[in-house]
>>> print(open('coords11.cif').read())   # mmCIF, C-alpha atoms; chains and numbers go by the auth columns
data_start
#
loop_
_atom_site.group_PDB
_atom_site.id
_atom_site.type_symbol
_atom_site.label_atom_id
_atom_site.label_comp_id
_atom_site.label_asym_id
_atom_site.label_seq_id
_atom_site.Cartn_x
_atom_site.Cartn_y
_atom_site.Cartn_z
_atom_site.B_iso_or_equiv
_atom_site.auth_seq_id
_atom_site.auth_asym_id
ATOM 1 C CA MET A 1 -23.415 200.534 -121.401 0.00 1 A
ATOM 2 C CA SER A 2 -25.239 197.880 -119.400 0.00 2 A
ATOM 3 C CA THR A 3 -23.750 195.345 -117.070 0.00 3 A
ATOM 4 C CA THR A 4 -24.622 191.875 -115.854 0.00 4 A
ATOM 5 C CA SER A 5 -23.402 192.489 -112.303 0.00 5 A
ATOM 6 C CA SER A 6 -24.528 194.821 -109.527 0.00 6 A
ATOM 7 C CA GLN A 7 -21.620 197.165 -110.173 0.00 7 A
ATOM 8 C CA PRO A 8 -22.763 200.603 -111.408 0.00 8 A
ATOM 9 C CA SER A 9 -22.494 200.940 -115.185 0.00 9 A
ATOM 10 C CA ALA A 10 -21.352 203.767 -117.412 0.00 10 A
ATOM 11 C CA THR A 11 -22.232 204.743 -120.961 0.00 11 A
ATOM 12 C CA PHE A 12 -19.874 204.265 -123.889 0.00 12 A
ATOM 13 C CA THR A 13 -19.311 208.035 -124.141 0.00 13 A
ATOM 14 C CA GLN A 14 -18.444 208.301 -120.457 0.00 14 A
ATOM 15 C CA MET A 15 -15.954 205.438 -120.685 0.00 15 A
ATOM 16 C CA PHE A 16 -14.401 206.913 -123.835 0.00 16 A
ATOM 17 C CA PHE A 17 -13.735 210.289 -122.235 0.00 17 A
ATOM 18 C CA PHE A 18 -12.478 208.648 -119.057 0.00 18 A
ATOM 19 C CA SER A 19 -10.139 206.294 -120.957 0.00 19 A
ATOM 20 C CA VAL A 20 -8.604 209.095 -123.028 0.00 20 A
ATOM 21 C CA LYS A 21 -8.092 211.278 -119.986 0.00 21 A
ATOM 22 C CA VAL A 22 -6.556 208.438 -117.981 0.00 22 A
ATOM 23 C CA THR A 23 -4.253 207.284 -120.785 0.00 23 A
ATOM 24 C CA VAL A 24 -2.925 210.615 -122.070 0.00 24 A
ATOM 25 C CA GLY A 25 -1.304 212.821 -119.444 0.00 25 A
ATOM 26 C CA VAL A 26 -0.557 216.529 -119.416 0.00 26 A
ATOM 27 C CA GLY A 27 3.036 215.704 -120.294 0.00 27 A
ATOM 28 C CA ALA A 28 1.867 215.602 -123.920 0.00 28 A
ATOM 29 C CA LEU A 29 1.844 219.408 -123.833 0.00 29 A
ATOM 30 C CA ALA A 30 5.621 219.388 -123.322 0.00 30 A
ATOM 31 C CA LEU A 31 6.323 217.066 -126.269 0.00 31 A
ATOM 32 C CA PRO A 32 6.679 219.830 -128.915 0.00 32 A
ATOM 33 C CA GLN A 33 9.507 221.451 -126.959 0.00 33 A
ATOM 34 C CA GLN A 34 11.303 218.140 -126.458 0.00 34 A
ATOM 35 C CA VAL A 35 10.915 217.145 -130.111 0.00 35 A
ATOM 36 C CA ALA A 36 12.362 220.503 -131.124 0.00 36 A
ATOM 37 C CA ALA A 37 15.295 219.960 -128.764 0.00 37 A
ATOM 38 C CA VAL A 38 16.342 216.501 -130.010 0.00 38 A
ATOM 39 C CA GLY A 39 15.108 216.506 -133.616 0.00 39 A
ATOM 40 C CA TYR A 40 12.770 214.242 -135.569 0.00 40 A
ATOM 41 C CA VAL A 41 15.065 211.207 -135.769 0.00 41 A
ATOM 42 C CA TRP A 42 15.638 210.740 -132.044 0.00 42 A
ATOM 43 C CA SER A 43 12.014 211.642 -131.339 0.00 43 A
ATOM 44 C CA ALA A 44 10.757 208.944 -133.709 0.00 44 A
ATOM 45 C CA VAL A 45 13.161 206.353 -132.270 0.00 45 A
ATOM 46 C CA MET A 46 12.218 207.142 -128.654 0.00 46 A
ATOM 47 C CA LEU A 47 8.497 207.179 -129.460 0.00 47 A
ATOM 48 C CA VAL A 48 8.721 203.702 -131.011 0.00 48 A
ATOM 49 C CA LEU A 49 10.815 202.330 -128.117 0.00 49 A
ATOM 50 C CA VAL A 50 8.517 203.742 -125.438 0.00 50 A
ATOM 51 C CA GLY A 51 5.444 202.565 -127.351 0.00 51 A
ATOM 52 C CA VAL A 52 6.812 199.028 -127.643 0.00 52 A
ATOM 53 C CA ALA A 53 7.794 198.988 -123.957 0.00 53 A
ATOM 54 C CA ILE A 54 4.322 200.146 -122.887 0.00 54 A
ATOM 55 C CA TRP A 55 2.632 197.617 -125.182 0.00 55 A
ATOM 56 C CA TRP A 56 4.834 194.755 -123.951 0.00 56 A
ATOM 57 C CA GLY A 57 4.347 195.686 -120.292 0.00 57 A
ATOM 58 C CA SER A 58 0.574 195.962 -120.672 0.00 58 A
ATOM 59 C CA ALA A 59 0.390 192.645 -122.524 0.00 59 A
ATOM 60 C CA ALA A 60 2.571 190.930 -119.900 0.00 60 A
ATOM 61 C CA LEU A 61 0.368 192.307 -117.121 0.00 61 A
ATOM 62 C CA LEU A 62 -2.788 190.988 -118.782 0.00 62 A
ATOM 63 C CA ARG A 63 -1.174 187.576 -119.412 0.00 63 A
ATOM 64 C CA ALA A 64 -0.204 187.356 -115.738 0.00 64 A
ATOM 65 C CA LYS A 65 -3.734 188.369 -114.729 0.00 65 A
ATOM 66 C CA ARG A 66 -5.304 185.650 -116.853 0.00 66 A
ATOM 67 C CA ALA A 67 -2.834 183.052 -115.599 0.00 67 A
ATOM 68 C CA VAL A 68 -3.751 183.864 -111.996 0.00 68 A
ATOM 69 C CA GLU A 69 -7.464 183.751 -112.825 0.00 69 A
ATOM 70 C CA GLU A 70 -7.056 180.358 -114.499 0.00 70 A
ATOM 71 C CA SER A 71 -5.590 179.041 -111.239 0.00 71 A
ATOM 72 C CA GLY A 72 -8.902 179.854 -109.548 0.00 72 A
ATOM 73 C CA THR A 73 -7.888 183.121 -107.857 0.00 73 A
ATOM 74 C CA PRO A 74 -10.041 186.178 -108.625 0.00 74 A
ATOM 75 C CA VAL A 75 -8.099 189.252 -109.746 0.00 75 A
ATOM 76 C CA VAL A 76 -9.320 192.759 -109.041 0.00 76 A
ATOM 77 C CA THR A 77 -6.197 194.803 -108.295 0.00 77 A
ATOM 78 C CA TYR A 78 -2.510 194.864 -109.173 0.00 78 A
ATOM 79 C CA GLN A 79 -1.824 193.424 -105.732 0.00 79 A
ATOM 80 C CA ASP A 80 -3.880 190.346 -106.614 0.00 80 A
ATOM 81 C CA VAL A 81 -1.713 189.746 -109.682 0.00 81 A
ATOM 82 C CA ALA A 82 1.498 190.213 -107.682 0.00 82 A
ATOM 83 C CA ARG A 83 0.323 187.851 -104.932 0.00 83 A
ATOM 84 C CA GLY A 84 -0.688 185.203 -107.446 0.00 84 A
ATOM 85 C CA VAL A 85 2.642 185.380 -109.309 0.00 85 A
ATOM 86 C CA LEU A 86 5.210 186.370 -106.664 0.00 86 A
ATOM 87 C CA GLY A 87 3.500 185.588 -103.370 0.00 87 A
ATOM 88 C CA VAL A 88 2.946 187.823 -100.356 0.00 88 A
ATOM 89 C CA GLU A 89 6.343 189.520 -100.628 0.00 89 A
ATOM 90 C CA GLY A 90 5.636 190.446 -104.229 0.00 90 A
ATOM 91 C CA GLN A 91 2.300 191.899 -103.192 0.00 91 A
ATOM 92 C CA ARG A 92 3.993 194.097 -100.597 0.00 92 A
ATOM 93 C CA VAL A 93 6.533 195.353 -103.126 0.00 93 A
ATOM 94 C CA VAL A 94 3.746 196.275 -105.556 0.00 94 A
ATOM 95 C CA GLU A 95 1.752 198.023 -102.821 0.00 95 A
ATOM 96 C CA VAL A 96 4.738 200.137 -101.800 0.00 96 A
ATOM 97 C CA SER A 97 5.485 200.935 -105.451 0.00 97 A
ATOM 98 C CA ILE A 98 1.894 202.016 -106.151 0.00 98 A
ATOM 99 C CA VAL A 99 1.713 204.244 -103.080 0.00 99 A
ATOM 100 C CA ALA A 100 5.080 205.838 -103.844 0.00 100 A
ATOM 101 C CA PHE A 101 4.138 206.384 -107.484 0.00 101 A
ATOM 102 C CA GLN A 102 0.764 207.941 -106.677 0.00 102 A
ATOM 103 C CA LEU A 103 2.236 210.221 -104.022 0.00 103 A
ATOM 104 C CA GLY A 104 4.954 211.316 -106.426 0.00 104 A
ATOM 105 C CA VAL A 105 2.452 212.041 -109.198 0.00 105 A
ATOM 106 C CA CYS A 106 0.200 213.993 -106.838 0.00 106 A
ATOM 107 C CA CYS A 107 3.109 216.079 -105.588 0.00 107 A
ATOM 108 C CA VAL A 108 4.229 216.856 -109.144 0.00 108 A
ATOM 109 C CA TYR A 109 0.705 217.791 -110.226 0.00 109 A
ATOM 110 C CA PHE A 110 0.128 220.065 -107.250 0.00 110 A
ATOM 111 C CA TYR A 111 3.475 221.769 -107.705 0.00 111 A
ATOM 112 C CA PHE A 112 3.069 222.092 -111.475 0.00 112 A
ATOM 113 C CA ILE A 113 -0.443 223.564 -111.345 0.00 113 A
ATOM 114 C CA ALA A 114 0.310 225.853 -108.411 0.00 114 A
ATOM 115 C CA ASP A 115 3.505 227.059 -110.055 0.00 115 A
ATOM 116 C CA GLU A 116 1.683 227.884 -113.302 0.00 116 A
ATOM 117 C CA LEU A 117 -1.102 229.712 -111.471 0.00 117 A
ATOM 118 C CA ALA A 118 1.442 231.661 -109.432 0.00 118 A
ATOM 119 C CA ASP A 119 3.108 232.739 -112.680 0.00 119 A
ATOM 120 C CA LEU A 120 -0.198 233.756 -114.277 0.00 120 A
ATOM 121 C CA PHE A 121 -1.382 235.598 -111.173 0.00 121 A
ATOM 122 C CA PRO A 122 1.784 236.727 -109.346 0.00 122 A
ATOM 123 C CA ALA A 123 1.602 237.633 -105.691 0.00 123 A
ATOM 124 C CA SER A 124 3.152 241.017 -106.501 0.00 124 A
ATOM 125 C CA SER A 125 -0.011 241.855 -108.471 0.00 125 A
ATOM 126 C CA GLY A 126 -2.425 240.722 -105.799 0.00 126 A
ATOM 127 C CA GLY A 127 -2.386 237.006 -106.615 0.00 127 A
ATOM 128 C CA LEU A 128 -1.563 234.050 -104.406 0.00 128 A
ATOM 129 C CA THR A 129 1.758 232.402 -103.697 0.00 129 A
ATOM 130 C CA ARG A 130 2.542 228.852 -104.772 0.00 130 A
ATOM 131 C CA VAL A 131 1.839 227.462 -101.300 0.00 131 A
ATOM 132 C CA GLU A 132 -1.470 229.330 -101.106 0.00 132 A
ATOM 133 C CA TRP A 133 -2.529 227.950 -104.487 0.00 133 A
ATOM 134 C CA ILE A 134 -1.792 224.415 -103.260 0.00 134 A
ATOM 135 C CA LEU A 135 -4.017 225.000 -100.238 0.00 135 A
ATOM 136 C CA VAL A 136 -6.793 226.311 -102.499 0.00 136 A
ATOM 137 C CA LEU A 137 -6.537 223.359 -104.888 0.00 137 A
ATOM 138 C CA TYR A 138 -6.451 220.675 -102.198 0.00 138 A
ATOM 139 C CA PRO A 139 -10.179 220.649 -101.158 0.00 139 A
ATOM 140 C CA PRO A 140 -11.700 220.086 -104.656 0.00 140 A
ATOM 141 C CA VAL A 141 -9.065 217.471 -105.459 0.00 141 A
ATOM 142 C CA ALA A 142 -9.792 215.710 -102.165 0.00 142 A
ATOM 143 C CA VAL A 143 -13.517 215.620 -102.994 0.00 143 A
ATOM 144 C CA VAL A 144 -12.876 214.099 -106.436 0.00 144 A
ATOM 145 C CA SER A 145 -10.536 211.532 -104.868 0.00 145 A
ATOM 146 C CA CYS A 146 -13.410 210.279 -102.684 0.00 146 A
ATOM 147 C CA LEU A 147 -15.521 209.251 -105.694 0.00 147 A
ATOM 148 C CA ARG A 148 -15.866 205.484 -105.630 0.00 148 A
ATOM 149 C CA TYR A 149 -17.113 204.341 -109.019 0.00 149 A
ATOM 150 C CA LEU A 150 -15.942 204.985 -112.573 0.00 150 A
ATOM 151 C CA ARG A 151 -19.448 206.182 -113.425 0.00 151 A
ATOM 152 C CA ASP A 152 -19.046 209.024 -110.934 0.00 152 A
ATOM 153 C CA MET A 153 -15.620 209.900 -112.334 0.00 153 A
ATOM 154 C CA ALA A 154 -16.887 210.038 -115.909 0.00 154 A
ATOM 155 C CA ASP A 155 -18.525 213.462 -115.625 0.00 155 A
ATOM 156 C CA VAL A 156 -15.408 214.853 -113.986 0.00 156 A
ATOM 157 C CA ALA A 157 -13.343 213.274 -116.757 0.00 157 A
ATOM 158 C CA LYS A 158 -15.435 215.097 -119.366 0.00 158 A
ATOM 159 C CA VAL A 159 -14.546 218.446 -117.826 0.00 159 A
ATOM 160 C CA ALA A 160 -10.897 217.409 -117.537 0.00 160 A
ATOM 161 C CA PHE A 161 -10.903 216.221 -121.151 0.00 161 A
ATOM 162 C CA PHE A 162 -12.332 219.555 -122.302 0.00 162 A
ATOM 163 C CA CYS A 163 -9.657 221.471 -120.388 0.00 163 A
ATOM 164 C CA TYR A 164 -7.003 219.164 -121.797 0.00 164 A
ATOM 165 C CA ALA A 165 -8.286 219.685 -125.351 0.00 165 A
ATOM 166 C CA VAL A 166 -8.219 223.451 -124.864 0.00 166 A
ATOM 167 C CA GLY A 167 -4.652 223.190 -123.593 0.00 167 A
ATOM 168 C CA VAL A 168 -3.545 221.053 -126.540 0.00 168 A
ATOM 169 C CA LEU A 169 -5.177 223.343 -129.104 0.00 169 A
ATOM 170 C CA GLY A 170 -3.732 226.391 -127.383 0.00 170 A
ATOM 171 C CA THR A 171 -0.256 224.873 -127.431 0.00 171 A
ATOM 172 C CA LEU A 172 -0.541 223.907 -131.099 0.00 172 A
ATOM 173 C CA GLY A 173 -1.814 227.369 -131.970 0.00 173 A
ATOM 174 C CA TYR A 174 1.083 228.983 -130.153 0.00 174 A
ATOM 175 C CA CYS A 175 3.525 226.703 -131.979 0.00 175 A
ATOM 176 C CA VAL A 176 2.043 227.641 -135.376 0.00 176 A
ATOM 177 C CA VAL A 177 2.276 231.355 -134.585 0.00 177 A
ATOM 178 C CA ARG A 178 5.817 230.945 -133.308 0.00 178 A
ATOM 179 C CA VAL A 179 6.959 229.108 -136.442 0.00 179 A
ATOM 180 C CA GLU A 180 5.311 231.658 -138.733 0.00 180 A
ATOM 181 C CA ARG A 181 6.992 234.551 -136.958 0.00 181 A
ATOM 182 C CA ARG A 182 10.410 233.109 -136.218 0.00 182 A
ATOM 183 C CA GLY A 183 10.879 230.339 -138.726 0.00 183 A
ATOM 184 C CA VAL A 184 12.406 227.052 -137.565 0.00 184 A
ATOM 185 C CA VAL A 185 12.450 226.515 -133.806 0.00 185 A
ATOM 186 C CA PRO A 186 16.086 226.995 -132.707 0.00 186 A
ATOM 187 C CA ARG A 187 17.911 224.071 -131.144 0.00 187 A
ATOM 188 C CA SER A 188 21.479 223.049 -130.434 0.00 188 A
ATOM 189 C CA GLU A 189 23.491 221.528 -133.259 0.00 189 A
ATOM 190 C CA GLN A 190 24.397 218.452 -131.201 0.00 190 A
ATOM 191 C CA THR A 191 21.825 216.458 -129.254 0.00 191 A
ATOM 192 C CA THR A 192 23.063 215.653 -125.759 0.00 192 A
ATOM 193 C CA ALA A 193 22.301 212.664 -123.545 0.00 193 A
ATOM 194 C CA ALA A 194 20.382 214.997 -121.230 0.00 194 A
ATOM 195 C CA ASP A 195 18.089 216.007 -124.119 0.00 195 A
ATOM 196 C CA ILE A 196 17.365 212.356 -124.951 0.00 196 A
ATOM 197 C CA PHE A 197 16.679 211.477 -121.314 0.00 197 A
ATOM 198 C CA SER A 198 14.394 214.497 -121.018 0.00 198 A
ATOM 199 C CA LEU A 199 12.443 213.326 -124.067 0.00 199 A
ATOM 200 C CA PHE A 200 12.202 209.815 -122.593 0.00 200 A
ATOM 201 C CA ALA A 201 10.847 211.167 -119.299 0.00 201 A
ATOM 202 C CA THR A 202 8.386 213.418 -121.117 0.00 202 A
ATOM 203 C CA LEU A 203 7.057 210.505 -123.172 0.00 203 A
ATOM 204 C CA LEU A 204 6.474 208.478 -120.021 0.00 204 A
ATOM 205 C CA TYR A 205 4.774 211.464 -118.435 0.00 205 A
ATOM 206 C CA ALA A 206 2.658 212.012 -121.548 0.00 206 A
ATOM 207 C CA PHE A 207 1.288 208.441 -121.533 0.00 207 A
ATOM 208 C CA GLU A 208 1.422 207.734 -117.814 0.00 208 A
ATOM 209 C CA GLY A 209 -2.052 206.182 -117.750 0.00 209 A
ATOM 210 C CA MET A 210 -1.260 203.218 -120.001 0.00 210 A
ATOM 211 C CA PRO A 211 -0.813 200.792 -117.045 0.00 211 A
ATOM 212 C CA SER A 212 -4.528 201.242 -116.339 0.00 212 A
ATOM 213 C CA CYS A 213 -5.083 198.432 -118.865 0.00 213 A
ATOM 214 C CA LEU A 214 -5.847 196.083 -115.960 0.00 214 A
ATOM 215 C CA ARG A 215 -8.800 198.209 -114.909 0.00 215 A
ATOM 216 C CA ALA A 216 -9.948 198.656 -118.503 0.00 216 A
ATOM 217 C CA ASP A 217 -9.785 194.905 -119.116 0.00 217 A
ATOM 218 C CA ARG A 218 -11.889 194.236 -116.034 0.00 218 A
ATOM 219 C CA ALA A 219 -14.479 196.840 -117.044 0.00 219 A
ATOM 220 C CA ALA A 220 -14.686 195.486 -120.597 0.00 220 A
ATOM 221 C CA LYS A 221 -15.356 191.957 -119.333 0.00 221 A
ATOM 222 C CA ALA A 222 -18.000 193.099 -116.865 0.00 222 A
ATOM 223 C CA CYS A 223 -19.956 195.232 -119.329 0.00 223 A
ATOM 224 C CA HIS A 224 -21.226 195.269 -122.874 0.00 224 A
ATOM 225 C CA PHE A 225 -21.546 198.587 -124.638 0.00 225 A
ATOM 226 C CA ARG A 226 -24.682 200.194 -125.977 0.00 226 A
ATOM 227 C CA VAL A 227 -24.128 202.903 -128.605 0.00 227 A
#
>>> encode(input="coords11.cif", output="structure tokens")
Amino acid sequence: MSTTSSQPSATFTQMFFFSVKVTVGVGALALPQQVAAVGYVWSAVMLVLVGVAIWWGSAALLRAKRAVEESGTPVVTYQDVARGVLGVEGQRVVEVSIVAFQLGVCCVYFYFIADELADLFPASSGGLTRVEWILVLYPPVAVVSCLRYLRDMADVAKVAFFCYAVGVLGTLGYCVVRVERRGVVPRSEQTTAADIFSLFATLLYAFEGMPSCLRADRAAKACHFRV
């Protein structure tokens, strides 16, 4: 992919892997369990509702971005959109929301990964504790976080995409084996509100990267792809 500006470019393949990894989160691995818990009907309804909400929100964000740009104000970040639409106070609200969201996601990821590693390699068998795993994981994550351009993130995204694909295939394989051995996955006769809310949260977690449409729109305008 070549670009008309001085911003570093990335190839089509690099952007594809990065976009998939950013859009689809690890929460997708928990979807089979949630679908089994609530059934196909509620799962289909919630998937459509969440999909429509994400589509509408992304479209509204892009419309607001273009409206601000038409007024003569350049838009690079979410804060620029908020300032152009809601003023300085709106920008501050968006900044606080972004920081809180990113911190929350980072905390969940660290805890989730460390917890899984602690289960796979328990301290009683010579492994590390959850806290020790977090300390081990922090340096490489900090290094990746310092990468400035999407081109630099693309190679990392390839590795992450490969690991994600292995995880998805492993989960699907386990589900097939489980169904063959035990028949239908057992679930409660009556779906509760807690089950529906859990499915809703899992869907949001599974497609947490959809709001990155602002960044994708900016990259698409700045570059033209070369296959």
>>> resolve_selection(input="coords11.cif", expression="the PyMOL selection byres ((chain A and resi 203) around 10)", output="list in words")
Gly25, Gly27, Ala28, Ala30, Leu31, Gln34, Ser43, Met46, Leu47, Val50, Gly51, Phe197, Ser198, Leu199, Phe200, Ala201, Thr202, Leu204, Tyr205, Ala206, Phe207 and Glu208 of chain A
>>> atom_distance(input="coords11.cif", atom1="atom CA of A:Ser71", atom2="atom CA of A:Val85")
10.6 Å
>>> residues_around(input="coords11.cif", residues="A:Asp115", least_positions_apart="6", cutoff="12 Å", atoms="all atoms listed in the file", output="ChimeraX atom specification")
/A:107-109,121-123,128-134,137
>>> atom_distance(input="coords11.cif", atom1="atom CA of A:Val168", atom2="atom CA of A:Pro32")
10.6 Å
>>> atom_distance(input="coords11.cif", atom1="atom CA of A:Val93", atom2="atom CA of A:Gly72")
22.8 Å
>>> resolve_selection(input="coords11.cif", expression="the PyMOL selection byres ((chain A and resi 78-83) around 8)", output="number ranges by chain")
A: 64-65, 68, 74-77, 84-92, 94-95, 214
>>> resolve_selection(input="coords11.cif", expression="the PyMOL selection byres ((chain A and resi 37-40) around 10)", output="ChimeraX atom specification")
/A:31-36,41-46,185-196,198-199
>>> residues_around(input="coords11.cif", residues="A:Leu135", least_positions_apart="6", cutoff="12 Å", atoms="all atoms listed in the file", output="JSON, numbers by chain")
{"A": [110, 111, 113, 114, 128, 129, 141, 142]}
